[in-house]
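Let me begin by presenting the structure, written as structure tokens, before commenting on it.
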Amino acid sequence: MTNSVPGFDDWLNRSLEETAREAGEDVNTYVMRAVAAQMVADQVRAEKPSTKELLEHLSAAGVLDSDSMPDVSAAVADAERLNALRATGLLDSPVEAMYDRITRAAADALDAPFSTISLIDANRQFFKSTVGMGDMSVPGNRETTLDQSICQYAVADRAPLVLEDARADPVFRNHPVVRSGAIAAYLGIPLVDHDGHAIGTLCVFDDKPRLWGTGHVQVLTDLAALAMERIFGSTPH
């Protein structure tokens, strides 16, 4: 037995080696990721403000690398999209009651513990409004690096992104926040201006799997339409 976990008998250690091998990892890496996921899950449940910092450290250490995720950097860095985003004046702007009402309505309507209006900048994700993600008066809680963002993929595709159990998805199971256990289910609607530029999303998510029905998608789409009308104004006739 080349690897063993204290407290595991021979059968459990053999099962661990087999499971790690099937996941394409050695035992040490497999255990490291499992411990990291448990740390994040415990902090999420406790609503600790240090969760974001923990995710950043795990990512920087390579524990939650995202090398196998699709590269959407070209769409994210598109100059016209970024100009449209910055023209809204929302980046680094204070919290506003109107947007907070929308994220609260989304969380309540879909019975989700987390909801955000996220804006995807060239190299970061800025939260205009959140539910369940800590004190937004703390500047560090209002943004993440893009490697922690699932919303960027909805923005890149300019289409709703529906993940009922991202841990079982062949693509998103490799995402750092999914590997960490912070997100299992995700539903995001892109916020698109009158010229077709997606600047961010209205999303809800959960650290447990969820079944998203057409009704859920419609409700979130309707709430996203309210956010878009607030941001971009009514559709020109």
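Residue numbering restarts at 1 for every chain of the structure tokens, chains are lettered A, B, ... in their displayed order, and ligands are numbered from 1 as they appear.
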(message) as a ChimeraX atom specification, please: every residue in segment 95-220 of chain A that DSSP puts in strand (DSSP E or B).
(response) /A:114-120,124-131,143-145,161-163,185-192,198-206
Counting only C-alpha atoms, what are the residues of segment 111-151 of chain A within 12 Å of segment 230-233 of chain A, and for each of them which pair of atoms is the nearest and at what distance in Å, to one decimal? Sort the table by chain and rising number, as a Markdown table.
```
| residue | atom | partner | partner_atom | distance |
| --- | --- | --- | --- | --- |
| A:Ile117 | CA | A:Ile231 | CA | 11.4 |
| A:Leu119 | CA | A:Ile231 | CA | 11.7 |
| A:Lys128 | CA | A:Ile231 | CA | 11.3 |
```
(request) Please report, as a PyMOL selection string, each residue of segment 12-233 of chain A to which DSSP assigns alpha helix (DSSP H) when run on this structure's backbone. (result) chain A and resi 12-22+27-45+51-60+73-76+79-87+97-109+151-157+176-179+214-232
(message) What's around segment 16-27 of chain A at 9 Å? Count only C-alpha atoms, leave out sequence neighbours fewer than 5 positions away in its own chain, and write the answer as a ChimeraX atom specification.
(response) /A:3-5,11,32
How would the residues just chosen look if you wrote them out with all heavy atoms as a compact mmCIF listing (two decimals), in the first residue's frame?
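So the final result, stored in result-v7.txt, reads:
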```
# COMPACT_ATOMS: atom_id res chain seq x y z
N ASN A 3 -0.16 4.46 -0.43
CA ASN A 3 -0.81 5.58 0.22
C ASN A 3 -1.84 5.05 1.19
O ASN A 3 -2.53 4.08 0.92
CB ASN A 3 -1.54 6.47 -0.81
CG ASN A 3 -0.56 7.15 -1.76
OD1 ASN A 3 0.05 8.14 -1.41
ND2 ASN A 3 -0.44 6.61 -2.95
N SER A 4 -1.95 5.70 2.34
CA SER A 4 -2.95 5.28 3.31
C SER A 4 -3.43 6.49 4.09
O SER A 4 -2.70 7.48 4.24
CB SER A 4 -2.39 4.23 4.27
OG SER A 4 -1.33 4.77 5.03
N VAL A 5 -4.66 6.42 4.55
CA VAL A 5 -5.25 7.48 5.34
C VAL A 5 -5.41 6.98 6.76
O VAL A 5 -5.97 5.89 6.97
CB VAL A 5 -6.62 7.89 4.76
CG1 VAL A 5 -7.32 8.88 5.68
CG2 VAL A 5 -6.45 8.48 3.37
N TRP A 11 -9.14 -2.27 3.36
CA TRP A 11 -10.20 -2.25 2.35
C TRP A 11 -10.52 -0.82 1.96
O TRP A 11 -10.68 -0.49 0.77
CB TRP A 11 -11.45 -2.96 2.89
CG TRP A 11 -12.52 -3.13 1.86
CD1 TRP A 11 -12.70 -4.20 1.04
CD2 TRP A 11 -13.55 -2.17 1.53
NE1 TRP A 11 -13.78 -3.99 0.21
CE2 TRP A 11 -14.32 -2.74 0.50
CE3 TRP A 11 -13.88 -0.91 2.01
CZ2 TRP A 11 -15.41 -2.09 -0.05
CZ3 TRP A 11 -14.97 -0.26 1.45
CH2 TRP A 11 -15.73 -0.84 0.43
N MET A 32 -6.53 15.78 -1.09
CA MET A 32 -6.36 17.23 -0.96
C MET A 32 -7.59 17.97 -1.45
O MET A 32 -8.09 18.89 -0.79
CB MET A 32 -5.13 17.68 -1.73
CG MET A 32 -4.87 19.17 -1.75
SD MET A 32 -3.37 19.61 -2.67
CE MET A 32 -3.85 19.10 -4.34
```
Quick one: residues within 9 Å of Ala77 of chain A, only C-alpha atoms counted, chain neighbours fewer than 3 positions away excluded, as a compact mmCIF listing (two decimals) with all heavy atoms, in the first residue's frame?
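Listed below is the output, part00.txt:
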```txt
# COMPACT_ATOMS: atom_id res chain seq x y z
N VAL A 72 -13.07 31.23 -22.58
CA VAL A 72 -14.02 32.21 -23.10
C VAL A 72 -13.43 33.62 -23.01
O VAL A 72 -14.16 34.61 -23.05
CB VAL A 72 -15.37 32.14 -22.35
CG1 VAL A 72 -16.06 30.82 -22.60
CG2 VAL A 72 -15.18 32.38 -20.85
N SER A 73 -12.11 33.69 -22.90
CA SER A 73 -11.45 34.98 -22.68
C SER A 73 -11.69 35.95 -23.84
O SER A 73 -11.80 37.16 -23.63
CB SER A 73 -9.95 34.79 -22.45
OG SER A 73 -9.35 34.12 -23.55
N ALA A 74 -11.78 35.45 -25.07
CA ALA A 74 -11.99 36.34 -26.22
C ALA A 74 -13.34 37.04 -26.11
O ALA A 74 -13.45 38.25 -26.36
CB ALA A 74 -11.89 35.56 -27.52
N GLU A 80 -16.05 45.95 -27.48
CA GLU A 80 -17.38 46.55 -27.52
C GLU A 80 -18.21 46.12 -26.31
O GLU A 80 -18.96 46.92 -25.74
CB GLU A 80 -18.11 46.16 -28.81
CG GLU A 80 -17.49 46.81 -30.06
CD GLU A 80 -18.32 46.55 -31.30
OE1 GLU A 80 -19.37 45.86 -31.20
OE2 GLU A 80 -17.92 47.02 -32.38
N ARG A 81 -18.06 44.86 -25.90
CA ARG A 81 -18.77 44.39 -24.71
C ARG A 81 -18.30 45.16 -23.47
O ARG A 81 -19.11 45.60 -22.65
CB ARG A 81 -18.54 42.89 -24.53
CG ARG A 81 -19.45 42.26 -23.47
CD ARG A 81 -18.95 40.89 -23.02
NE ARG A 81 -17.78 41.01 -22.16
CZ ARG A 81 -17.84 41.30 -20.86
NH1 ARG A 81 -19.00 41.52 -20.27
NH2 ARG A 81 -16.74 41.39 -20.15
N LEU A 82 -16.98 45.30 -23.34
CA LEU A 82 -16.44 46.02 -22.18
C LEU A 82 -16.85 47.48 -22.19
O LEU A 82 -17.14 48.06 -21.13
CB LEU A 82 -14.91 45.88 -22.14
CG LEU A 82 -14.38 44.48 -21.83
CD1 LEU A 82 -12.87 44.44 -21.97
CD2 LEU A 82 -14.81 44.03 -20.43
N ASP A 121 -16.17 41.94 -15.80
CA ASP A 121 -15.17 42.86 -16.32
C ASP A 121 -14.08 42.06 -17.02
O ASP A 121 -14.14 40.82 -17.09
CB ASP A 121 -14.61 43.70 -15.16
CG ASP A 121 -13.96 45.00 -15.62
OD1 ASP A 121 -13.94 45.25 -16.84
OD2 ASP A 121 -13.47 45.74 -14.75
N ALA A 122 -13.04 42.73 -17.50
CA ALA A 122 -11.99 42.05 -18.26
C ALA A 122 -11.26 41.00 -17.44
O ALA A 122 -10.86 39.96 -17.96
CB ALA A 122 -10.99 43.08 -18.79
N ASN A 123 -11.09 41.26 -16.15
CA ASN A 123 -10.32 40.32 -15.33
C ASN A 123 -10.90 40.10 -13.94
O ASN A 123 -10.21 39.65 -13.04
CB ASN A 123 -8.86 40.80 -15.19
CG ASN A 123 -8.78 42.21 -14.61
OD1 ASN A 123 -9.80 42.77 -14.19
ND2 ASN A 123 -7.59 42.76 -14.59
```
(request) Could you give me, as an MDAnalysis selection string, the residues within 10 Å of Gly213 of chain A, counting only C-alpha atoms and dropping anything in the same chain fewer than 5 positions from it? (result) chainID A and resid 162 164 218
(message) Just checking: using only C-alpha atoms, which residue out of A:Cys203, A:Ala156, A:Ala97, A:Ala185 ends up closest to Arg173 of chain A?
(response)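 Among the listed residues, the smallest separation from Arg173 of chain A belongs to A:Ala185.
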(message) Given only C-alpha atoms as the basis, pick out the residue of A:Asp165, A:Asp92, A:Asp222, A:Asp193 nearest to Lys208 of chain A.
(response) A:Asp165
(message) Can you measure atom CA of Gly188 of chain A to atom CA of Gly140 of chain A for me? One decimal in Å is fine.
(response) 22.7 Å
(request) Write out as a ChimeraX atom specification which residues come within 9 Å of Leu223 of chain A when counting only C-alpha atoms, dropping same-chain ones fewer than 6 positions away. (result) /A:102-103,105-106,202
How would the residues just chosen look if you wrote them out with all heavy atoms as an mmCIF file, in the first residue's frame?
```cif
data_model
loop_
_atom_site.group_PDB
_atom_site.id
_atom_site.type_symbol
_atom_site.label_atom_id
_atom_site.label_comp_id
_atom_site.auth_asym_id
_atom_site.auth_seq_id
_atom_site.Cartn_x
_atom_site.Cartn_y
_atom_site.Cartn_z
ATOM 1 N N ILE A 102 -34.341 43.014 -6.499
ATOM 2 C CA ILE A 102 -34.374 42.008 -7.563
ATOM 3 C C ILE A 102 -33.685 40.726 -7.123
ATOM 4 O O ILE A 102 -34.209 39.620 -7.333
ATOM 5 C CB ILE A 102 -33.738 42.565 -8.856
ATOM 6 C CG1 ILE A 102 -34.616 43.674 -9.440
ATOM 7 C CG2 ILE A 102 -33.542 41.449 -9.890
ATOM 8 C CD1 ILE A 102 -33.995 44.398 -10.619
ATOM 9 N N THR A 103 -32.507 40.824 -6.504
ATOM 10 C CA THR A 103 -31.821 39.602 -6.069
ATOM 11 C C THR A 103 -32.589 38.911 -4.947
ATOM 12 O O THR A 103 -32.636 37.679 -4.896
ATOM 13 C CB THR A 103 -30.377 39.895 -5.634
ATOM 14 O OG1 THR A 103 -30.355 40.972 -4.689
ATOM 15 C CG2 THR A 103 -29.495 40.229 -6.821
ATOM 16 N N ALA A 105 -35.860 39.002 -4.579
ATOM 17 C CA ALA A 105 -37.013 38.365 -5.225
ATOM 18 C C ALA A 105 -36.601 37.078 -5.926
ATOM 19 O O ALA A 105 -37.338 36.079 -5.888
ATOM 20 C CB ALA A 105 -37.653 39.338 -6.225
ATOM 21 N N ALA A 106 -35.435 37.086 -6.559
ATOM 22 C CA ALA A 106 -34.959 35.877 -7.242
ATOM 23 C C ALA A 106 -34.702 34.755 -6.240
ATOM 24 O O ALA A 106 -35.110 33.606 -6.466
ATOM 25 C CB ALA A 106 -33.681 36.198 -8.019
ATOM 26 N N LEU A 202 -28.036 37.860 -13.940
ATOM 27 C CA LEU A 202 -28.801 37.648 -12.715
ATOM 28 C C LEU A 202 -28.801 36.142 -12.511
ATOM 29 O O LEU A 202 -29.225 35.404 -13.403
ATOM 30 C CB LEU A 202 -30.225 38.171 -12.839
ATOM 31 C CG LEU A 202 -31.163 37.800 -11.674
ATOM 32 C CD1 LEU A 202 -30.712 38.422 -10.367
ATOM 33 C CD2 LEU A 202 -32.608 38.197 -11.996
#
```
(message) Just checking: using only C-alpha atoms, which residue out of A:Thr201, A:Thr116, A:Asn174, A:Gln148 ends up closest to Leu161 of chain A?
(response)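 Under the stated criterion, the closest residue is A:Thr201.
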(message) Can you pull out the residues contacting Ser137 of chain A? Cut-off 9 Å, using only C-alpha atoms, and skip same-chain residues under 4 positions away; I want them as an MDAnalysis selection string.
(response) chainID A and resid 94:95 141:142
